[in-house]
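*Asks:* I have a structure here, written as structure tokens, and I will follow up with some questions on it.
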Amino acid sequence: MAAPPALARFAAAPDLAEAIAAWQTWLETERRVSAHTTAAYLGDLKTFLDFVAEHRGGFAGLAVLESLEHGDFRSYLAQRAMNDRARSSTARALSVLRSFFRFLERTERARNGAISGVKTPRLPHTVPKPVAARDALAMIARAGDTARKKPWIAARDTALLLLLYGAGLRIDEALGLDADRTPFGESLRVLGKGGKERIVPILPAVREAVAAYAEACPFALRDGPLFLGARGGRLNAGVVQRELRAIRGALGLPETATPHALRHSFATHLLQAGGDLRAIQELLGHASLSTTQRYTEVDTATLVAVYNDAHPRARG
């Protein structure tokens, strides 16, 4: 997991550096944002302040941020476009800036209304990209291949991927579980985005896989993290992502077959089996039903693909 950029690396005067440190503390303690997300937010802010330093000719302080005009923010977005930054990345960066400027205003450090008039780049409409049920099961089986790794690590990876596919957990949610939550019962309390809790049912196969990993793990699982790395520390998301890259390469799956795709698959396959959209929203921990409704588009696309592949009239 990437570490947040050191404040010394920011193109910022002392008063702004203090404000950034306070914002980071607020993100971590009040918003309860994950370390990975905090690092991403700080990275976006650093990119903006580097631009301001070059644009205005010197390190920025709070007074400089207050003096920025609508055209300055537009110039920043234009530079990102020239550097071929994805629109989704720029939209997130702008959202981060708005959050930071709101924090400055709320804490009476600085005020700038110009950013509120900057339009977010229009994003292309996207839908989740799940993997087929057979491919999800093949990924989990490949994760448990003891010919490639130590048996306890194979058991760990199997349990982890089953939590993503069998319970719909985000990768950070699964890696954030502590060992004192085991053995799992029929349900599990999960701490999601923004510190929101939800209850998810745990299938017997998932419970058994987690129990098998806990028994095989050579390190003592007590009050620390449930999922451990090879040296006994909390398992890093980057390790899981590398494992998934190896798995999809071996199975010939597309690059969209990521850890998050297993969560997408959990939702999509529930919907295809007749699951209620509101119930799926609760299971996923989505704040808005509109986010969950994207899975209905995936299901429709699947039906169209089946029709085009199988119906005799579709072939002309």
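Following the order of the structure tokens, chains are lettered A, B, ..., residues in each are numbered from 1, and ligands are numbered from 1.
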Can you tell me, as a ChimeraX atom specification, which residues in stretch 123-231 of chain A count as alpha helix (DSSP H) by DSSP?
*Replies:* /A:133-143,151-167,171-175,204-216
*Asks:* Would you put the residues from that selection into a file with N, CA and C atoms, as a CSV table (one decimal), in the first residue's frame?
*Replies:*
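Final file, again.csv:
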chain,number,residue,atom,x,y,z
A,133,ALA,N,-19.3,-17.0,-13.9
A,133,ALA,CA,-19.3,-17.8,-12.7
A,133,ALA,C,-18.2,-18.9,-12.8
A,134,ARG,N,-18.1,-19.5,-14.0
A,134,ARG,CA,-17.0,-20.6,-14.1
A,134,ARG,C,-15.6,-20.0,-14.0
A,135,ASP,N,-15.5,-18.8,-14.5
A,135,ASP,CA,-14.1,-18.1,-14.4
A,135,ASP,C,-13.8,-17.7,-13.0
A,136,ALA,N,-14.8,-17.2,-12.3
A,136,ALA,CA,-14.6,-16.9,-10.9
A,136,ALA,C,-14.2,-18.1,-10.1
A,137,LEU,N,-14.8,-19.2,-10.3
A,137,LEU,CA,-14.5,-20.4,-9.6
A,137,LEU,C,-13.1,-20.9,-10.0
A,138,ALA,N,-12.8,-20.8,-11.3
A,138,ALA,CA,-11.4,-21.2,-11.8
A,138,ALA,C,-10.4,-20.3,-11.1
A,139,MET,N,-10.6,-19.0,-11.0
A,139,MET,CA,-9.7,-18.1,-10.3
A,139,MET,C,-9.4,-18.5,-8.9
A,140,ILE,N,-10.5,-18.9,-8.2
A,140,ILE,CA,-10.3,-19.3,-6.8
A,140,ILE,C,-9.6,-20.6,-6.7
A,141,ALA,N,-9.9,-21.6,-7.6
A,141,ALA,CA,-9.2,-22.8,-7.6
A,141,ALA,C,-7.7,-22.6,-7.9
A,142,ARG,N,-7.4,-21.8,-8.8
A,142,ARG,CA,-6.0,-21.5,-9.2
A,142,ARG,C,-5.3,-20.8,-8.0
A,143,ALA,N,-6.0,-20.0,-7.2
A,143,ALA,CA,-5.4,-19.4,-6.1
A,143,ALA,C,-4.9,-20.4,-5.0
A,151,PRO,N,1.5,-24.2,1.2
A,151,PRO,CA,0.1,-24.6,1.4
A,151,PRO,C,-0.7,-23.6,2.2
A,152,TRP,N,0.0,-22.9,3.2
A,152,TRP,CA,-0.8,-22.0,4.0
A,152,TRP,C,-1.1,-20.7,3.2
A,153,ILE,N,-0.2,-20.3,2.3
A,153,ILE,CA,-0.5,-19.2,1.5
A,153,ILE,C,-1.6,-19.5,0.5
A,154,ALA,N,-1.6,-20.7,-0.1
A,154,ALA,CA,-2.6,-21.1,-1.0
A,154,ALA,C,-4.0,-21.1,-0.2
A,155,ALA,N,-4.0,-21.6,1.0
A,155,ALA,CA,-5.2,-21.5,1.8
A,155,ALA,C,-5.7,-20.1,2.1
A,156,ARG,N,-4.7,-19.2,2.4
A,156,ARG,CA,-5.0,-17.8,2.6
A,156,ARG,C,-5.6,-17.2,1.4
A,157,ASP,N,-5.0,-17.4,0.2
A,157,ASP,CA,-5.5,-16.8,-1.0
A,157,ASP,C,-6.9,-17.3,-1.4
A,158,THR,N,-7.1,-18.6,-1.2
A,158,THR,CA,-8.5,-19.2,-1.4
A,158,THR,C,-9.5,-18.5,-0.6
A,159,ALA,N,-9.2,-18.4,0.7
A,159,ALA,CA,-10.2,-17.8,1.7
A,159,ALA,C,-10.4,-16.3,1.3
A,160,LEU,N,-9.4,-15.6,0.9
A,160,LEU,CA,-9.6,-14.2,0.6
A,160,LEU,C,-10.4,-14.0,-0.6
A,161,LEU,N,-10.2,-14.8,-1.7
A,161,LEU,CA,-11.0,-14.6,-2.9
A,161,LEU,C,-12.4,-15.1,-2.7
A,162,LEU,N,-12.6,-16.1,-1.9
A,162,LEU,CA,-13.9,-16.5,-1.6
A,162,LEU,C,-14.7,-15.4,-0.8
A,163,LEU,N,-14.0,-14.6,0.0
A,163,LEU,CA,-14.7,-13.5,0.7
A,163,LEU,C,-15.1,-12.5,-0.3
A,164,LEU,N,-14.3,-12.3,-1.4
A,164,LEU,CA,-14.7,-11.3,-2.4
A,164,LEU,C,-15.8,-11.8,-3.2
A,165,TYR,N,-15.8,-13.0,-3.7
A,165,TYR,CA,-16.8,-13.5,-4.6
A,165,TYR,C,-18.0,-14.1,-3.8
A,166,GLY,N,-17.8,-14.6,-2.6
A,166,GLY,CA,-18.9,-15.3,-1.9
A,166,GLY,C,-19.6,-14.3,-0.9
A,167,ALA,N,-19.0,-13.2,-0.6
A,167,ALA,CA,-19.6,-12.2,0.3
A,167,ALA,C,-19.6,-10.8,-0.2
A,171,ILE,N,-11.7,-5.4,-1.5
A,171,ILE,CA,-10.4,-5.9,-1.1
A,171,ILE,C,-9.9,-5.3,0.2
A,172,ASP,N,-10.1,-4.0,0.3
A,172,ASP,CA,-9.6,-3.3,1.6
A,172,ASP,C,-10.4,-3.8,2.8
A,173,GLU,N,-11.7,-4.1,2.5
A,173,GLU,CA,-12.5,-4.6,3.6
A,173,GLU,C,-12.1,-5.9,4.1
A,174,ALA,N,-11.7,-6.8,3.1
A,174,ALA,CA,-11.3,-8.2,3.5
A,174,ALA,C,-9.9,-8.1,4.2
A,175,LEU,N,-9.0,-7.3,3.7
A,175,LEU,CA,-7.7,-7.2,4.3
A,175,LEU,C,-7.7,-6.4,5.6
A,204,PRO,N,-21.3,-21.4,4.0
A,204,PRO,CA,-20.5,-22.4,4.7
A,204,PRO,C,-19.1,-22.6,4.0
A,205,ALA,N,-19.1,-22.5,2.6
A,205,ALA,CA,-17.8,-22.7,1.9
A,205,ALA,C,-16.8,-21.6,2.3
A,206,VAL,N,-17.3,-20.4,2.5
A,206,VAL,CA,-16.4,-19.3,2.9
A,206,VAL,C,-15.9,-19.5,4.3
A,207,ARG,N,-16.8,-19.9,5.2
A,207,ARG,CA,-16.4,-20.2,6.6
A,207,ARG,C,-15.4,-21.3,6.7
A,208,GLU,N,-15.6,-22.3,5.9
A,208,GLU,CA,-14.7,-23.4,6.0
A,208,GLU,C,-13.3,-23.0,5.4
A,209,ALA,N,-13.3,-22.2,4.4
A,209,ALA,CA,-12.0,-21.8,3.8
A,209,ALA,C,-11.2,-20.9,4.7
A,210,VAL,N,-11.9,-20.0,5.4
A,210,VAL,CA,-11.3,-19.1,6.4
A,210,VAL,C,-10.7,-20.0,7.6
A,211,ALA,N,-11.5,-20.9,8.0
A,211,ALA,CA,-11.1,-21.8,9.1
A,211,ALA,C,-9.9,-22.6,8.7
A,212,ALA,N,-9.9,-23.1,7.5
A,212,ALA,CA,-8.7,-23.9,7.0
A,212,ALA,C,-7.5,-23.0,6.9
A,213,TYR,N,-7.6,-21.8,6.5
A,213,TYR,CA,-6.5,-20.9,6.5
A,213,TYR,C,-6.0,-20.6,7.9
A,214,ALA,N,-6.9,-20.3,8.8
A,214,ALA,CA,-6.5,-20.0,10.2
A,214,ALA,C,-5.7,-21.1,10.8
A,215,GLU,N,-6.1,-22.3,10.5
A,215,GLU,CA,-5.5,-23.5,11.1
A,215,GLU,C,-4.1,-23.7,10.4
A,216,ALA,N,-4.0,-23.4,9.1
A,216,ALA,CA,-2.7,-23.7,8.4
A,216,ALA,C,-1.7,-22.6,8.6
*Asks:* Set the distance at 9 Å and use only C-alpha atoms: which residues neighbour A:Arg98 once local chain neighbours fewer than 5 positions away are removed? I'd like the list as a list in words.
*Replies:*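 Those residues are Ala93, Phe103, Ile115 and Ser116 of chain A.
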*Asks:* Which of these, A:Lys149, A:Arg106, A:Arg278, A:Lys46, has the shortest distance to A:Ala230 once you count only C-alpha atoms?
*Replies:*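 Ranked by minimum distance to A:Ala230, first place goes to A:Lys149.
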*Asks:* Can you list, as a list in words, every protein, DNA or RNA residue that comes within 12 Å of stretch 75-82 of chain A when you count only C-alpha atoms, leaving out same-chain residues fewer than 5 positions away?
*Replies:* Asp44, Leu45, Thr47, Phe48, Leu49, Asp50, Phe51, Val52, Ala53, Glu54, His55, Arg56, Leu68, Glu69, His70, Arg87, Ser88, Ser89, Thr90, Ala91, Arg92, Ala93, Leu94, Leu97, Ile115, Val118, Lys119, Thr120 and Pro121 of chain A
*Asks:* Would you kindly return, as a count of residues only, each protein, DNA or RNA residue with an atom no farther than 12 Å from any atom of A:Pro254, considering only C-alpha atoms and excluding same-chain residues fewer than 3 positions away?
*Replies:* 16
*Asks:* Using only C-alpha atoms, pick whichever of A:Ala220, A:Val33, A:Ile20, A:Ala13 has the shortest atom-to-atom distance to A:Gly195.
*Replies:*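 Smallest distance to A:Gly195 is found for A:Val33.
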*Asks:* Any idea what the distance is between atom CA of A:Val200 and atom CA of A:Leu27?
*Replies:* 25.9 Å
*Asks:* Considering only C-alpha atoms, state which residue in the set A:His36, A:His269, A:Arg31, A:Arg122 is at the smallest distance from A:Gly238.
*Replies:*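 Counting only C-alpha atoms, the residue closest to A:Gly238 is A:His36.
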*Asks:* Check the smallest atom-to-atom distance from each of A:Ser99, A:Thr256, A:Thr182, A:Gln241 to A:Leu226 using only C-alpha atoms, then report the winner.
*Replies:*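 Checking each of A:Ser99, A:Thr256, A:Thr182, A:Gln241 against A:Leu226, counting only C-alpha atoms, the winner is A:Thr182.
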*Asks:* Name the residues of stretch 109-303 of chain A that come out as strand (DSSP E) in a backbone DSSP run; write them as an MDAnalysis selection string.
*Replies:* chainID A and resid 187:191 197:201
*Asks:* Residues at most 8 Å from A:Ile199, counting only C-alpha atoms, excluding those fewer than 4 positions away in the same chain, as JSON, numbers by chain?
*Replies:* {"A": [187, 188, 189, 190, 283]}
*Asks:* Measuring between only C-alpha atoms, which one of A:Arg9, A:Arg242, A:His260, A:Arg222 shows the shortest distance to A:Phe59?
*Replies:* A:Arg9
*Asks:* Using only C-alpha atoms, which protein or nucleic acid residues come within 8 Å of A:Gly168? Drop anything in the same chain fewer than 5 positions from it, and give the result as an MDAnalysis selection string.
*Replies:* chainID A and resid 163 262:264 266:267 283:284
*Asks:* One decimal, in Å: what's the spacing between atom CA of A:Leu104 and atom CA of A:Glu197?
*Replies:*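 Computing it gives 28.5 Å between the two atoms.
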